[in-house]
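Colleague: Here it is, the structure, as structure tokens.
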Amino acid sequence: LNMSPAMWKWTCLVSHLLLSTTVSPLGRQQPLHPKRPFITFTGEQAEGNFNHLVVDERTGHIYLGAVNRIYKLSSDLKVLVTHETGPDDDNPKCYPPRIVQTCNEPLTPTNNINKMLLIDYKENRLIACGSLYQGICKLLRLDDLFKLGEPFHKKEHYLSGVNESGSVFGVIVSYSNMDDKLFIATAVDGKPEYFPTISSRKLTKNSEADGMFAYVFHDEFVASMIKIPSDTFTIIPDFDIYYIYGFSSGNFVYFLTLQPEMISPPGSTTKEQVYTSKLVRLCKEDTAFNSYVEVPIGCEKNGVEYRLLQAAYLSKAGAILAGSLEVGPEDDILFTVFSKGQKRKMKSLDESALCIFVLKNINDRIKDRLQSCYRGEGTLDLAWLKVKDIPCSSALLTIDDNFCGLDMNAPLGVSSMVRGLPIFTEDGDRMTSVIAYVYKNHSLAFVGTKSGKLKK
């Protein structure tokens with residue numbers, strides 16, 4: 001569950017939270033267990049926030065990424081192990097980092113903000129990436145947080161220079177007979193020459209192997225990455241792609257993003273900057289990233305547009321919801337939270353909506369777009385990659401549900417927005433996080449709000 005740093009601070013309420021309140025028929029919240037206390041955990045230091053949390057689905061152990069710390073907790077929030085990650089002498093202007101070569105910039109004690117925390121189940125290790133040294137990662141043994149490796153010798157080892165905790169999202173694609181892949185998506189903070197915004201990396205079995213985090217494929221002309229062109233910043237100086245959520249499903253990896261773009265309002269001759277929420281899709285096996293497609297997503301209720309993505313979570317439909325959506329119980333459903341409008345990413349309005357998307361419907365829209373483009377209709381329509389006005393090329397081939405692109409008509413943008421189904425709105429206390437699961441055929445969603453409340 002990704003919550004904003006303000007919601008976490010240094011106290012974490014977990015476990016009994018889901019059982020603490022219920023709603024009466026009159027809508028009043030009443031305590032279900034008034035004498036049962038919350039289980040809490042307070043960090044060792046008061047210098048910063050908790051950043052990320054992952055739970056080992058096999059053991060129930062909780063791994064907490066914080067500023068300068070990684071904690072391993074029991075399921076009842078007792079500290080089992082602590083691993084220090086900082087502070088250390090650094091300067092964000094040092095590239096490569098000073099641990100690789102001498103840096104002329106002044107070095108100062110710098111906090112290490114946890115930016116990504118992933119469990120690599122296959123190799124029984126934790127991938128903990130921080131803000132120090134342009135974003136290097138540690139690989140820690142799950143049992144005792146012993147450092148198995150910390151690759152930093154190559155430029156591929158520096159994943160992101162952004163110092164914000166919510167700037168990186170990773171998805172592991174696992175294989176039974178070969179090394180896994182790690183898809184990394186990150187804001188680049190004006191440094192597109194250093195960092196790709198999306199890439200796929202090797203997850204080697206040996207945590208100290210030279211090839212750890214190397215691009216899955218890289219030659220003189222093609223690589224497993226997408227870079228933001230430098231001239232994009234001449235049009236939108238603060239352009240970046242902010243990754244809110246990521247997951248894999250079927251043959252694809254998906255990321256949900258917020259990104260700025262310039263639009264001309266109706267009746268106006270000048271352009272203004274707004275934020276558009278987009279879903280990005282890539283084939284798991286596409287080493288050249290020819291399958292890159294992005295499609296705008298949003299929500300509308302009673303004429304009100306909800307376009308600023310806050311959070312998302314992938315779940316199954318469950319039998320009851322599936323019946324009303326005319327899909328199967330095991331079909332993937334995307335639960336999303338949007339705030340009203342699309343103007344201010346950093347100052348989202350309090351009005352928000354919980355909306356659901358059937359993933360199959362989004363994939364069908366992408367397939368329609370691919371089929372029309374390969375018939376030679378329209379343009380590639382991806383403004384930030386400077387291919388907005390490049391015409392689609394015609395080719396005689398069959399495009400099915402699992403089509404992974406060619407070295408033509410790529411990367412591709414979908415112009416028309418896919419609208420989600422609004423199922424709940426909140427006007428006063430903005431929703432900021434969501435998880436969902438199926439219980440006895442019912443699909444349940446838990447939403448966290450800006451003020452720290454939980455809604456079931």
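Here, A, B, ... name the chains of the structure tokens in the order displayed, residue numbers run from 1 inside each chain, and ligands are numbered from 1 in the same displayed order.
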Apply DSSP to the structure's backbone, then extract all residues of range 106-172 of chain A labelled strand (DSSP E or B) and return them as a compact mmCIF listing (two decimals) with N, CA, C and O atoms, in the first residue's frame.

Modeller:
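What follows is the written file states17.txt:
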```
# COMPACT_ATOMS: atom_id res chain seq x y z
N THR A 108 28.81 16.54 1.54
CA THR A 108 28.23 16.78 2.86
C THR A 108 27.49 15.52 3.32
O THR A 108 27.05 14.72 2.48
N PRO A 109 27.34 15.32 4.65
CA PRO A 109 26.58 14.16 5.13
C PRO A 109 25.15 14.22 4.57
O PRO A 109 24.44 15.21 4.75
N THR A 110 24.75 13.15 3.88
CA THR A 110 23.49 13.14 3.14
C THR A 110 22.67 11.93 3.53
O THR A 110 23.19 10.82 3.61
N ILE A 113 17.40 8.17 1.30
CA ILE A 113 15.94 7.99 1.27
C ILE A 113 15.62 6.74 0.48
O ILE A 113 16.02 6.61 -0.68
N ASN A 114 14.90 5.80 1.09
CA ASN A 114 14.54 4.59 0.36
C ASN A 114 13.56 4.92 -0.76
O ASN A 114 12.52 5.54 -0.54
N LYS A 115 13.92 4.53 -1.99
CA LYS A 115 13.10 4.86 -3.16
C LYS A 115 12.41 3.64 -3.77
O LYS A 115 11.45 3.79 -4.53
N MET A 116 12.91 2.46 -3.45
CA MET A 116 12.26 1.26 -3.97
C MET A 116 12.60 0.09 -3.07
O MET A 116 13.73 -0.06 -2.61
N LEU A 117 11.60 -0.76 -2.82
CA LEU A 117 11.77 -1.93 -1.97
C LEU A 117 11.01 -3.08 -2.62
O LEU A 117 9.79 -3.01 -2.77
N LEU A 118 11.72 -4.11 -3.04
CA LEU A 118 11.11 -5.25 -3.72
C LEU A 118 11.63 -6.55 -3.12
O LEU A 118 12.82 -6.65 -2.79
N ILE A 119 10.77 -7.54 -3.01
CA ILE A 119 11.21 -8.87 -2.59
C ILE A 119 11.45 -9.71 -3.83
O ILE A 119 10.57 -9.88 -4.68
N ASP A 120 12.67 -10.23 -3.93
CA ASP A 120 13.03 -11.17 -5.00
C ASP A 120 12.89 -12.57 -4.40
O ASP A 120 13.81 -13.11 -3.80
N ARG A 125 15.95 -12.60 -1.51
CA ARG A 125 16.66 -11.37 -1.19
C ARG A 125 15.74 -10.16 -1.37
O ARG A 125 14.72 -10.22 -2.03
N LEU A 126 16.16 -9.07 -0.73
CA LEU A 126 15.43 -7.82 -0.78
C LEU A 126 16.23 -6.85 -1.64
O LEU A 126 17.44 -6.69 -1.46
N ILE A 127 15.56 -6.19 -2.57
CA ILE A 127 16.20 -5.16 -3.39
C ILE A 127 15.80 -3.82 -2.80
O ILE A 127 14.63 -3.44 -2.81
N ALA A 128 16.77 -3.11 -2.23
CA ALA A 128 16.52 -1.85 -1.54
C ALA A 128 17.33 -0.75 -2.22
O ALA A 128 18.56 -0.72 -2.12
N CYS A 129 16.64 0.14 -2.93
CA CYS A 129 17.31 1.20 -3.68
C CYS A 129 17.10 2.53 -2.99
O CYS A 129 16.00 2.84 -2.54
N GLY A 130 18.18 3.30 -2.89
CA GLY A 130 18.12 4.56 -2.15
C GLY A 130 18.52 5.75 -3.00
O GLY A 130 18.80 5.64 -4.19
N CYS A 137 21.47 0.45 -5.54
CA CYS A 137 20.65 -0.51 -4.79
C CYS A 137 21.53 -1.47 -4.01
O CYS A 137 22.63 -1.84 -4.44
N LYS A 138 20.99 -1.89 -2.87
CA LYS A 138 21.59 -2.97 -2.12
C LYS A 138 20.74 -4.22 -2.29
O LYS A 138 19.51 -4.13 -2.40
N LEU A 139 21.38 -5.37 -2.30
CA LEU A 139 20.68 -6.64 -2.29
C LEU A 139 20.94 -7.28 -0.93
O LEU A 139 22.08 -7.58 -0.58
N LEU A 140 19.86 -7.44 -0.15
CA LEU A 140 19.97 -7.89 1.23
C LEU A 140 19.30 -9.25 1.39
O LEU A 140 18.22 -9.49 0.84
N ARG A 141 19.93 -10.14 2.16
CA ARG A 141 19.35 -11.44 2.44
C ARG A 141 18.10 -11.25 3.30
O ARG A 141 18.12 -10.53 4.30
N LYS A 147 24.15 -7.86 3.74
CA LYS A 147 24.35 -7.30 2.40
C LYS A 147 25.01 -8.32 1.49
O LYS A 147 26.17 -8.69 1.67
N LEU A 148 24.25 -8.78 0.49
CA LEU A 148 24.76 -9.76 -0.47
C LEU A 148 25.52 -9.07 -1.61
O LEU A 148 26.43 -9.65 -2.19
N GLY A 149 25.13 -7.86 -1.91
CA GLY A 149 25.78 -7.13 -3.00
C GLY A 149 25.32 -5.69 -3.03
O GLY A 149 24.26 -5.34 -2.51
N VAL A 168 10.53 6.08 -8.03
CA VAL A 168 10.94 4.88 -8.76
C VAL A 168 9.91 3.77 -8.53
O VAL A 168 9.40 3.61 -7.41
N PHE A 169 9.61 3.03 -9.57
CA PHE A 169 8.74 1.85 -9.42
C PHE A 169 9.38 0.69 -10.19
O PHE A 169 9.85 0.87 -11.32
N GLY A 170 9.40 -0.48 -9.56
CA GLY A 170 10.00 -1.65 -10.19
C GLY A 170 9.05 -2.82 -10.23
O GLY A 170 8.22 -2.99 -9.32
N VAL A 171 9.15 -3.62 -11.28
CA VAL A 171 8.35 -4.83 -11.43
C VAL A 171 9.29 -5.97 -11.80
O VAL A 171 10.04 -5.87 -12.78
N ILE A 172 9.27 -7.05 -11.02
CA ILE A 172 10.09 -8.23 -11.31
C ILE A 172 9.30 -9.19 -12.18
O ILE A 172 8.15 -9.52 -11.89
```

Colleague: Skip Phe252 in chain A itself and residues of its chain fewer than 4 positions away, then list as a list of chain:residue names all residues within 9 Å of it, counting only C-alpha atoms.

Modeller: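 Counting only the stated atoms, we get A:Phe247, A:Ser248, A:Arg281, A:Leu282, A:Cys283, A:Lys284, A:Glu285, A:Asn402.
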
Colleague: Would you write out those residues with C-alpha atoms, as an mmCIF file, in the first residue's frame?

Modeller:
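The resulting selection_29.cif:
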```
data_model
loop_
_atom_site.group_PDB
_atom_site.id
_atom_site.type_symbol
_atom_site.label_atom_id
_atom_site.label_comp_id
_atom_site.auth_asym_id
_atom_site.auth_seq_id
_atom_site.Cartn_x
_atom_site.Cartn_y
_atom_site.Cartn_z
ATOM 1 C CA PHE A 247 2.450 -4.580 -12.263
ATOM 2 C CA SER A 248 2.671 -7.522 -14.644
ATOM 3 C CA ARG A 281 2.291 -1.169 -21.605
ATOM 4 C CA LEU A 282 5.301 -3.242 -22.670
ATOM 5 C CA CYS A 283 5.738 -6.879 -23.614
ATOM 6 C CA LYS A 284 7.775 -8.831 -21.077
ATOM 7 C CA GLU A 285 9.888 -10.362 -23.837
ATOM 8 C CA ASN A 402 -0.269 -10.644 -27.636
#
```

Colleague: Per DSSP on the backbone, what are the helix (DSSP H, G or I) residues of range 193-405 of chain A, as a CSV table (one decimal) with all heavy atoms, in the first residue's frame?

Modeller:
```csv
chain,number,residue,atom,x,y,z
A,232,THR,N,12.7,17.7,-25.6
A,232,THR,CA,11.3,17.8,-25.0
A,232,THR,C,11.3,18.8,-23.9
A,232,THR,O,10.3,19.5,-23.7
A,232,THR,CB,11.0,16.4,-24.3
A,232,THR,OG1,10.9,15.4,-25.4
A,232,THR,CG2,9.6,16.4,-23.6
A,233,PHE,N,12.5,19.0,-23.2
A,233,PHE,CA,12.5,20.0,-22.1
A,233,PHE,C,12.5,21.4,-22.6
A,233,PHE,O,12.3,22.4,-21.8
A,233,PHE,CB,13.8,19.7,-21.3
A,233,PHE,CG,13.7,18.4,-20.6
A,233,PHE,CD1,14.2,17.2,-21.2
A,233,PHE,CD2,13.2,18.3,-19.3
A,233,PHE,CE1,14.2,16.0,-20.6
A,233,PHE,CE2,13.1,17.0,-18.7
A,233,PHE,CZ,13.6,15.9,-19.3
A,234,THR,N,12.8,21.6,-23.9
A,234,THR,CA,12.6,23.0,-24.4
A,234,THR,C,11.2,23.4,-24.5
A,234,THR,O,10.9,24.6,-24.5
A,234,THR,CB,13.3,23.1,-25.8
A,234,THR,OG1,12.6,22.3,-26.7
A,234,THR,CG2,14.8,22.7,-25.7
A,235,ILE,N,10.3,22.5,-24.7
A,235,ILE,CA,8.9,22.8,-24.8
A,235,ILE,C,8.2,22.8,-23.4
A,235,ILE,O,7.5,23.7,-23.1
A,235,ILE,CB,8.1,21.7,-25.7
A,235,ILE,CG1,8.8,21.7,-27.1
A,235,ILE,CG2,6.7,22.0,-25.7
A,235,ILE,CD1,8.3,20.5,-27.9
A,318,GLY,N,-13.6,-11.2,-8.8
A,318,GLY,CA,-14.5,-11.9,-7.9
A,318,GLY,C,-15.8,-12.2,-8.6
A,318,GLY,O,-16.2,-11.4,-9.5
A,319,ALA,N,-16.5,-13.2,-8.2
A,319,ALA,CA,-17.7,-13.6,-8.9
A,319,ALA,C,-18.8,-12.6,-8.9
A,319,ALA,O,-19.5,-12.4,-10.0
A,319,ALA,CB,-18.3,-14.9,-8.2
A,320,ILE,N,-19.0,-11.8,-7.8
A,320,ILE,CA,-20.1,-10.9,-7.8
A,320,ILE,C,-19.9,-9.7,-8.7
A,320,ILE,O,-20.7,-9.3,-9.5
A,320,ILE,CB,-20.4,-10.5,-6.3
A,320,ILE,CG1,-20.9,-11.8,-5.6
A,320,ILE,CG2,-21.4,-9.4,-6.2
A,320,ILE,CD1,-21.1,-11.5,-4.1
A,321,LEU,N,-18.7,-9.1,-8.5
A,321,LEU,CA,-18.4,-7.9,-9.4
A,321,LEU,C,-18.3,-8.3,-10.8
A,321,LEU,O,-18.7,-7.6,-11.7
A,321,LEU,CB,-17.1,-7.3,-8.9
A,321,LEU,CG,-16.6,-6.1,-9.7
A,321,LEU,CD1,-17.6,-4.9,-9.7
A,321,LEU,CD2,-15.2,-5.6,-9.2
A,322,ALA,N,-17.7,-9.5,-11.1
A,322,ALA,CA,-17.6,-10.0,-12.4
A,322,ALA,C,-18.9,-10.1,-13.1
A,322,ALA,O,-19.0,-9.8,-14.3
A,322,ALA,CB,-16.9,-11.4,-12.4
A,323,GLY,N,-19.9,-10.5,-12.4
A,323,GLY,CA,-21.3,-10.6,-13.0
A,323,GLY,C,-21.8,-9.3,-13.5
A,323,GLY,O,-22.4,-9.2,-14.5
A,324,SER,N,-21.6,-8.3,-12.7
A,324,SER,CA,-22.1,-7.0,-13.1
A,324,SER,C,-21.2,-6.3,-14.2
A,324,SER,O,-21.7,-5.5,-15.0
A,324,SER,CB,-22.2,-6.0,-11.9
A,324,SER,OG,-20.9,-5.8,-11.3
A,325,LEU,N,-20.0,-6.7,-14.3
A,325,LEU,CA,-19.1,-6.2,-15.3
A,325,LEU,C,-19.1,-7.0,-16.6
A,325,LEU,O,-18.4,-6.7,-17.6
A,325,LEU,CB,-17.7,-6.0,-14.8
A,325,LEU,CG,-17.5,-5.0,-13.6
A,325,LEU,CD1,-16.0,-5.1,-13.2
A,325,LEU,CD2,-17.8,-3.6,-14.1
A,359,LEU,N,-9.0,-4.6,-17.1
A,359,LEU,CA,-7.7,-4.6,-17.8
A,359,LEU,C,-7.9,-5.1,-19.3
A,359,LEU,O,-7.3,-4.5,-20.2
A,359,LEU,CB,-6.7,-5.4,-17.1
A,359,LEU,CG,-5.2,-5.2,-17.7
A,359,LEU,CD1,-4.8,-3.8,-17.5
A,359,LEU,CD2,-4.3,-6.2,-16.9
A,360,LYS,N,-8.8,-6.0,-19.5
A,360,LYS,CA,-9.0,-6.6,-20.8
A,360,LYS,C,-9.6,-5.5,-21.7
A,360,LYS,O,-9.2,-5.4,-22.9
A,360,LYS,CB,-10.0,-7.7,-20.8
A,360,LYS,CG,-10.3,-8.4,-22.1
A,360,LYS,CD,-11.3,-9.5,-22.0
A,360,LYS,CE,-11.6,-10.1,-23.3
A,360,LYS,NZ,-12.1,-9.2,-24.3
A,361,ASN,N,-10.4,-4.6,-21.2
A,361,ASN,CA,-10.9,-3.5,-22.0
A,361,ASN,C,-9.9,-2.5,-22.4
A,361,ASN,O,-9.9,-2.0,-23.6
A,361,ASN,CB,-12.0,-2.7,-21.2
A,361,ASN,CG,-13.2,-3.6,-20.9
A,361,ASN,OD1,-13.4,-4.6,-21.5
A,361,ASN,ND2,-14.1,-3.1,-20.0
A,362,ILE,N,-8.9,-2.2,-21.5
A,362,ILE,CA,-7.8,-1.4,-21.9
A,362,ILE,C,-6.9,-2.1,-23.0
A,362,ILE,O,-6.5,-1.4,-24.0
A,362,ILE,CB,-6.9,-1.0,-20.7
A,362,ILE,CG1,-7.7,-0.2,-19.7
A,362,ILE,CG2,-5.6,-0.3,-21.1
A,362,ILE,CD1,-7.0,0.1,-18.4
A,363,ASN,N,-6.7,-3.4,-22.8
A,363,ASN,CA,-5.9,-4.1,-23.9
A,363,ASN,C,-6.7,-4.1,-25.2
A,363,ASN,O,-6.0,-4.1,-26.3
A,363,ASN,CB,-5.6,-5.5,-23.4
A,363,ASN,CG,-4.6,-5.6,-22.3
A,363,ASN,OD1,-3.7,-4.7,-22.3
A,363,ASN,ND2,-4.7,-6.5,-21.4
A,364,ASP,N,-8.0,-4.2,-25.2
A,364,ASP,CA,-8.7,-4.2,-26.4
A,364,ASP,C,-8.6,-2.9,-27.1
A,364,ASP,O,-8.5,-2.8,-28.4
A,364,ASP,CB,-10.2,-4.5,-26.1
A,364,ASP,CG,-10.5,-6.0,-25.8
A,364,ASP,OD1,-9.6,-6.8,-26.1
A,364,ASP,OD2,-11.6,-6.3,-25.3
A,365,ARG,N,-8.6,-1.8,-26.3
A,365,ARG,CA,-8.4,-0.5,-26.9
A,365,ARG,C,-7.0,-0.3,-27.6
A,365,ARG,O,-6.9,0.2,-28.6
A,365,ARG,CB,-8.6,0.6,-25.9
A,365,ARG,CG,-8.4,2.1,-26.4
A,365,ARG,CD,-9.5,2.5,-27.3
A,365,ARG,NE,-10.8,2.5,-26.6
A,365,ARG,CZ,-11.3,3.5,-25.9
A,365,ARG,NH1,-10.5,4.6,-25.7
A,365,ARG,NH2,-12.4,3.4,-25.3
A,366,ILE,N,-6.0,-0.8,-26.9
A,366,ILE,CA,-4.7,-0.8,-27.4
A,366,ILE,C,-4.6,-1.6,-28.7
A,366,ILE,O,-4.0,-1.2,-29.7
A,366,ILE,CB,-3.6,-1.3,-26.4
A,366,ILE,CG1,-3.5,-0.3,-25.2
A,366,ILE,CG2,-2.3,-1.5,-27.0
A,366,ILE,CD1,-2.7,-0.8,-24.1
A,367,LYS,N,-5.2,-2.8,-28.7
A,367,LYS,CA,-5.2,-3.7,-29.9
A,367,LYS,C,-5.9,-2.9,-31.1
A,367,LYS,O,-5.4,-3.0,-32.2
A,367,LYS,CB,-5.9,-5.0,-29.6
A,367,LYS,CG,-5.8,-6.0,-30.8
A,367,LYS,CD,-6.3,-7.3,-30.5
A,367,LYS,CE,-7.8,-7.4,-30.3
A,367,LYS,NZ,-8.3,-8.8,-30.2
A,368,ASP,N,-7.0,-2.3,-30.8
A,368,ASP,CA,-7.7,-1.5,-31.9
A,368,ASP,C,-6.7,-0.4,-32.5
A,368,ASP,O,-6.7,-0.2,-33.7
A,368,ASP,CB,-8.9,-0.9,-31.4
A,368,ASP,CG,-10.0,-1.9,-31.0
A,368,ASP,OD1,-9.9,-3.0,-31.5
A,368,ASP,OD2,-11.0,-1.5,-30.3
A,369,ARG,N,-6.0,0.2,-31.6
A,369,ARG,CA,-5.1,1.3,-32.0
A,369,ARG,C,-4.0,0.7,-32.8
A,369,ARG,O,-3.6,1.3,-33.9
A,369,ARG,CB,-4.6,2.0,-30.8
A,369,ARG,CG,-3.5,3.1,-31.1
A,369,ARG,CD,-4.1,4.3,-31.8
A,369,ARG,NE,-3.1,5.3,-31.9
A,369,ARG,CZ,-2.5,5.7,-33.0
A,369,ARG,NH1,-2.8,5.1,-34.2
A,369,ARG,NH2,-1.7,6.7,-33.0
A,370,LEU,N,-3.4,-0.4,-32.4
A,370,LEU,CA,-2.3,-1.1,-33.2
A,370,LEU,C,-2.8,-1.5,-34.5
A,370,LEU,O,-2.1,-1.3,-35.6
A,370,LEU,CB,-1.8,-2.3,-32.4
A,370,LEU,CG,-0.9,-2.0,-31.2
A,370,LEU,CD1,-0.8,-3.2,-30.3
A,370,LEU,CD2,0.5,-1.5,-31.6
A,371,GLN,N,-4.0,-2.1,-34.6
A,371,GLN,CA,-4.5,-2.5,-35.9
A,371,GLN,C,-4.8,-1.4,-36.8
A,371,GLN,O,-4.4,-1.5,-38.0
A,371,GLN,CB,-5.8,-3.3,-35.7
A,371,GLN,CG,-5.7,-4.6,-35.0
A,371,GLN,CD,-7.0,-5.3,-34.6
A,371,GLN,OE1,-8.0,-4.6,-34.5
A,371,GLN,NE2,-6.9,-6.6,-34.5
A,372,SER,N,-5.3,-0.2,-36.3
A,372,SER,CA,-5.5,0.9,-37.2
A,372,SER,C,-4.2,1.5,-37.7
A,372,SER,O,-4.1,1.9,-38.8
A,372,SER,CB,-6.4,2.0,-36.5
A,372,SER,OG,-5.7,2.6,-35.5
A,373,CYS,N,-3.2,1.6,-36.8
A,373,CYS,CA,-1.9,2.1,-37.2
A,373,CYS,C,-1.2,1.3,-38.2
A,373,CYS,O,-0.6,1.8,-39.2
A,373,CYS,CB,-1.0,2.3,-35.9
A,373,CYS,SG,0.5,3.2,-36.2
A,383,ALA,N,3.6,12.8,-28.3
A,383,ALA,CA,4.2,14.1,-28.4
A,383,ALA,C,5.6,14.2,-27.7
A,383,ALA,O,6.5,14.8,-28.3
A,383,ALA,CB,3.3,15.2,-27.8
A,384,TRP,N,5.7,13.7,-26.5
A,384,TRP,CA,7.0,13.9,-25.8
A,384,TRP,C,8.2,13.2,-26.4
A,384,TRP,O,9.3,13.5,-26.1
A,384,TRP,CB,6.8,13.5,-24.3
A,384,TRP,CG,6.5,12.1,-24.0
A,384,TRP,CD1,5.3,11.5,-23.9
A,384,TRP,CD2,7.5,11.1,-23.8
A,384,TRP,NE1,5.5,10.2,-23.6
A,384,TRP,CE2,6.8,9.9,-23.5
A,384,TRP,CE3,8.9,11.0,-23.8
A,384,TRP,CZ2,7.5,8.7,-23.3
A,384,TRP,CZ3,9.6,9.8,-23.5
A,384,TRP,CH2,8.8,8.7,-23.3
A,385,LEU,N,7.9,12.2,-27.2
A,385,LEU,CA,9.0,11.5,-27.9
A,385,LEU,C,9.2,12.0,-29.3
A,385,LEU,O,9.8,11.3,-30.1
A,385,LEU,CB,8.7,9.9,-27.9
A,385,LEU,CG,9.4,9.2,-26.8
A,385,LEU,CD1,9.1,7.7,-26.9
A,385,LEU,CD2,10.9,9.3,-27.0
```

Colleague: Just how far from CA of Lys181 in chain A is CA of Asp332 in chain A, in Å to one decimal?

Modeller: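 The value is 22.1 Å.
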
Colleague: With only C-alpha atoms as the counted atoms, please give the residues lying no more than 9 Å from Gly341 in chain A, apart from itself and same-chain residues fewer than 4 positions off, as JSON, numbers by chain.

Modeller: {"A": [275, 304, 305, 306, 307, 308, 348, 349]}

Colleague: Residues within 9 Å of His153 in chain A, please, as an NGL selection string. Count only C-alpha atoms; anything in the same chain fewer than 3 positions from it doesn't count.

Modeller: :A and (99-100 or 156-157 or 210)

Colleague: Please provide as a VMD selection string all residues within 8 Å of Tyr245 in chain A, with the sequence filter that same-chain residues fewer than 4 positions apart are discarded (counting only C-alpha atoms).

Modeller: chain A and resid 169 255 to 257 311 to 313

Colleague: Find the spatial neighbours of range 408-418 of chain A, counting only C-alpha atoms, within a cut-off of 6 Å - ignore same-chain residues fewer than 3 positions away - and output them as number ranges by chain.

Modeller: A: 290, 292-297, 380-382, 392
